[in-house]
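K.L.:
Next up is a structure, given as structure tokens.
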Amino acid sequence: MSLFSRRPSFQQGLETFRKMPGAVLLDVRTPEEFAAGHVPEAVNVPLDALGRIDYQWDTPLFVYCHSGARSGRACMLLEEKGYRAVNIGGIAGYNGRLDR
């Protein structure tokens with residue numbers, strides 16, 4: 001089940017994430033990309049490690065990568081497992097503060 005009828009902008013996705021108690025912001029880039037700079041509050045779960053996540057099924061997941069392609073694949077995989085996942089696109093479209 002999608003929280004949006006179409007993919008939100010990165011900023012819209014972040015705003016919705018921040019307003020939703022219990023939501024998780026997933027960065028599906030590599031650990032090296034994550035270490036180079038990530039959105040505050042993001043959790044790094046690389047695309048190839050998604051099978052190991054252990055969130056409650058009703059936890060809203062907001063997913064991003066660099067450009068939106070990996071996060072799109074991640075959302076498909078997560079939804080197949082029964083999670084509620086929203087692809088908010090790529091960090092390339094983000095202009096806020098980055099944590100390192």
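Every chain in the structure tokens has a letter given in the order shown (A, B, ...), and although residue numbers restart at 1 in each chain, ligands are simply numbered from 1 in the order shown.
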List every residue of chain A that DSSP, applied to the backbone, labels as helix (DSSP H, G or I), and write the result as a ChimeraX atom specification.

P.N.:
/A:10-19,31-36,47-52,69-80,91-93

K.L.:
Keeping N, CA and C atoms for every residue in the selection just given, could you write it to a file as an mmCIF file, in the first residue's frame?

P.N.:
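The result, stored in out_3.cif:
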data_model
loop_
_atom_site.group_PDB
_atom_site.id
_atom_site.type_symbol
_atom_site.label_atom_id
_atom_site.label_comp_id
_atom_site.auth_asym_id
_atom_site.auth_seq_id
_atom_site.Cartn_x
_atom_site.Cartn_y
_atom_site.Cartn_z
ATOM 1 N N PHE A 10 11.699 14.542 -2.978
ATOM 2 C CA PHE A 10 12.522 14.166 -1.828
ATOM 3 C C PHE A 10 12.088 14.957 -0.596
ATOM 4 N N GLN A 11 11.910 16.250 -0.758
ATOM 5 C CA GLN A 11 11.527 17.108 0.367
ATOM 6 C C GLN A 11 10.148 16.740 0.909
ATOM 7 N N GLN A 12 9.185 16.480 0.029
ATOM 8 C CA GLN A 12 7.848 16.072 0.473
ATOM 9 C C GLN A 12 7.917 14.765 1.257
ATOM 10 N N GLY A 13 8.711 13.834 0.744
ATOM 11 C CA GLY A 13 8.873 12.555 1.425
ATOM 12 C C GLY A 13 9.465 12.715 2.819
ATOM 13 N N LEU A 14 10.479 13.572 2.936
ATOM 14 C CA LEU A 14 11.079 13.827 4.250
ATOM 15 C C LEU A 14 10.094 14.481 5.203
ATOM 16 N N GLU A 15 9.315 15.419 4.706
ATOM 17 C CA GLU A 15 8.328 16.086 5.556
ATOM 18 C C GLU A 15 7.301 15.085 6.077
ATOM 19 N N THR A 16 6.840 14.201 5.209
ATOM 20 C CA THR A 16 5.871 13.186 5.630
ATOM 21 C C THR A 16 6.514 12.227 6.621
ATOM 22 N N PHE A 17 7.743 11.798 6.358
ATOM 23 C CA PHE A 17 8.470 10.924 7.280
ATOM 24 C C PHE A 17 8.545 11.555 8.666
ATOM 25 N N ARG A 18 8.900 12.811 8.732
ATOM 26 C CA ARG A 18 9.084 13.485 10.022
ATOM 27 C C ARG A 18 7.775 13.670 10.788
ATOM 28 N N LYS A 19 6.664 13.681 10.102
ATOM 29 C CA LYS A 19 5.358 13.840 10.748
ATOM 30 C C LYS A 19 4.739 12.507 11.162
ATOM 31 N N PRO A 31 27.614 1.353 2.217
ATOM 32 C CA PRO A 31 28.147 1.959 3.444
ATOM 33 C C PRO A 31 29.115 3.110 3.154
ATOM 34 N N GLU A 32 29.875 3.017 2.067
ATOM 35 C CA GLU A 32 30.809 4.078 1.704
ATOM 36 C C GLU A 32 30.071 5.350 1.310
ATOM 37 N N GLU A 33 29.009 5.204 0.522
ATOM 38 C CA GLU A 33 28.207 6.361 0.137
ATOM 39 C C GLU A 33 27.544 6.995 1.363
ATOM 40 N N PHE A 34 27.029 6.152 2.244
ATOM 41 C CA PHE A 34 26.378 6.624 3.468
ATOM 42 C C PHE A 34 27.366 7.405 4.330
ATOM 43 N N ALA A 35 28.581 6.880 4.477
ATOM 44 C CA ALA A 35 29.604 7.539 5.298
ATOM 45 C C ALA A 35 30.022 8.889 4.713
ATOM 46 N N ALA A 36 29.924 9.035 3.401
ATOM 47 C CA ALA A 36 30.307 10.293 2.751
ATOM 48 C C ALA A 36 29.292 11.402 3.004
ATOM 49 N N LEU A 47 21.001 -2.004 -0.349
ATOM 50 C CA LEU A 47 20.026 -2.763 -1.120
ATOM 51 C C LEU A 47 20.231 -4.267 -0.965
ATOM 52 N N ASP A 48 21.464 -4.727 -1.013
ATOM 53 C CA ASP A 48 21.720 -6.168 -0.926
ATOM 54 C C ASP A 48 21.554 -6.732 0.483
ATOM 55 N N ALA A 49 21.257 -5.886 1.468
ATOM 56 C CA ALA A 49 21.054 -6.344 2.852
ATOM 57 C C ALA A 49 19.597 -6.221 3.296
ATOM 58 N N LEU A 50 18.709 -5.841 2.406
ATOM 59 C CA LEU A 50 17.305 -5.633 2.788
ATOM 60 C C LEU A 50 16.644 -6.877 3.357
ATOM 61 N N GLY A 51 17.092 -8.033 2.942
ATOM 62 C CA GLY A 51 16.517 -9.285 3.448
ATOM 63 C C GLY A 51 16.728 -9.486 4.934
ATOM 64 N N ARG A 52 17.616 -8.706 5.525
ATOM 65 C CA ARG A 52 17.936 -8.870 6.950
ATOM 66 C C ARG A 52 17.242 -7.864 7.862
ATOM 67 N N ALA A 69 16.817 5.115 -8.339
ATOM 68 C CA ALA A 69 16.690 3.801 -8.969
ATOM 69 C C ALA A 69 16.778 2.672 -7.939
ATOM 70 N N ARG A 70 17.810 2.677 -7.114
ATOM 71 C CA ARG A 70 17.946 1.620 -6.100
ATOM 72 C C ARG A 70 16.810 1.679 -5.084
ATOM 73 N N SER A 71 16.394 2.893 -4.727
ATOM 74 C CA SER A 71 15.297 3.002 -3.763
ATOM 75 C C SER A 71 13.997 2.471 -4.370
ATOM 76 N N GLY A 72 13.820 2.629 -5.678
ATOM 77 C CA GLY A 72 12.659 2.046 -6.347
ATOM 78 C C GLY A 72 12.671 0.534 -6.271
ATOM 79 N N ARG A 73 13.825 -0.071 -6.539
ATOM 80 C CA ARG A 73 13.959 -1.529 -6.431
ATOM 81 C C ARG A 73 13.746 -1.971 -4.992
ATOM 82 N N ALA A 74 14.303 -1.203 -4.048
ATOM 83 C CA ALA A 74 14.156 -1.539 -2.629
ATOM 84 C C ALA A 74 12.690 -1.535 -2.224
ATOM 85 N N CYS A 75 11.942 -0.540 -2.665
ATOM 86 C CA CYS A 75 10.521 -0.467 -2.315
ATOM 87 C C CYS A 75 9.757 -1.663 -2.867
ATOM 88 N N MET A 76 10.070 -2.075 -4.082
ATOM 89 C CA MET A 76 9.406 -3.257 -4.644
ATOM 90 C C MET A 76 9.698 -4.485 -3.791
ATOM 91 N N LEU A 77 10.958 -4.673 -3.412
ATOM 92 C CA LEU A 77 11.328 -5.819 -2.575
ATOM 93 C C LEU A 77 10.645 -5.757 -1.212
ATOM 94 N N LEU A 78 10.629 -4.584 -0.615
ATOM 95 C CA LEU A 78 10.004 -4.426 0.699
ATOM 96 C C LEU A 78 8.500 -4.664 0.635
ATOM 97 N N GLU A 79 7.849 -4.152 -0.385
ATOM 98 C CA GLU A 79 6.409 -4.349 -0.526
ATOM 99 C C GLU A 79 6.068 -5.807 -0.776
ATOM 100 N N GLU A 80 6.932 -6.525 -1.497
ATOM 101 C CA GLU A 80 6.732 -7.962 -1.700
ATOM 102 C C GLU A 80 6.783 -8.711 -0.376
ATOM 103 N N ILE A 91 19.109 11.248 -3.007
ATOM 104 C CA ILE A 91 19.705 12.293 -2.179
ATOM 105 C C ILE A 91 20.286 13.417 -3.052
ATOM 106 N N ALA A 92 20.489 13.120 -4.327
ATOM 107 C CA ALA A 92 20.977 14.158 -5.248
ATOM 108 C C ALA A 92 19.976 15.320 -5.320
ATOM 109 N N GLY A 93 18.705 15.066 -4.967
ATOM 110 C CA GLY A 93 17.700 16.110 -4.976
ATOM 111 C C GLY A 93 17.500 16.783 -3.620
#

K.L.:
Quick check for you: according to DSSP on this backbone, which residues of chain A are classed as strand (DSSP E or B)? Reply as a PyMOL selection string.

P.N.:
chain A and resi 24-27+38+43-44+60-65+84-90+99

K.L.:
Give me the residues near A:Arg84 as a ChimeraX atom specification, where near means some atom within 12 Å (using only C-alpha atoms) and where sequence neighbours in that chain fewer than 6 positions away do not count.

P.N.:
/A:1-4,23-24,55-63,74-78

K.L.:
Go ahead and compute the interatomic distance for atom CA of A:Val28 and atom CA of A:Cys65, in Å to one decimal.

P.N.:
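So the answer is 5.4 Å.
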
K.L.:
Nearest residue to A:Val86 out of A:Pro21, A:Gly37, A:Pro46, A:Gly68, using only C-alpha atoms?

P.N.:
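With only C-alpha atoms as the atom set, the closest residue is A:Gly68.
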
K.L.:
Any idea what's packed within 7 Å of A:Asp27, counting only C-alpha atoms, ignoring anything in its chain fewer than 2 positions away? Could you give it as a PDB file with C-alpha atoms, in the first residue's frame?

P.N.:
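Result file is out.pdb:
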ATOM      1  CA  LEU A  25      14.142   6.605   6.882  1.00  0.00           C
ATOM      2  CA  ARG A  29      23.218   3.169  -0.725  1.00  0.00           C
ATOM      3  CA  ALA A  42      18.645   7.887   8.181  1.00  0.00           C
ATOM      4  CA  VAL A  43      19.502   4.253   8.783  1.00  0.00           C
ATOM      5  CA  ASN A  44      21.855   2.598   6.298  1.00  0.00           C
ATOM      6  CA  VAL A  45      20.551  -0.696   4.934  1.00  0.00           C
ATOM      7  CA  VAL A  63      13.501   4.878   1.205  1.00  0.00           C
ATOM      8  CA  TYR A  64      16.151   6.827  -0.697  1.00  0.00           C
ATOM      9  CA  CYS A  65      19.409   6.230  -2.568  1.00  0.00           C
TER      10      CYS A  65
END

K.L.:
Go through A:His66, A:Gly90, A:Arg100, A:Gly82 and flag the residue nearest A:Thr30, using only C-alpha atoms for the distances.

P.N.:
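Checking each of A:His66, A:Gly90, A:Arg100, A:Gly82 against A:Thr30, counting only C-alpha atoms, the winner is A:His66.
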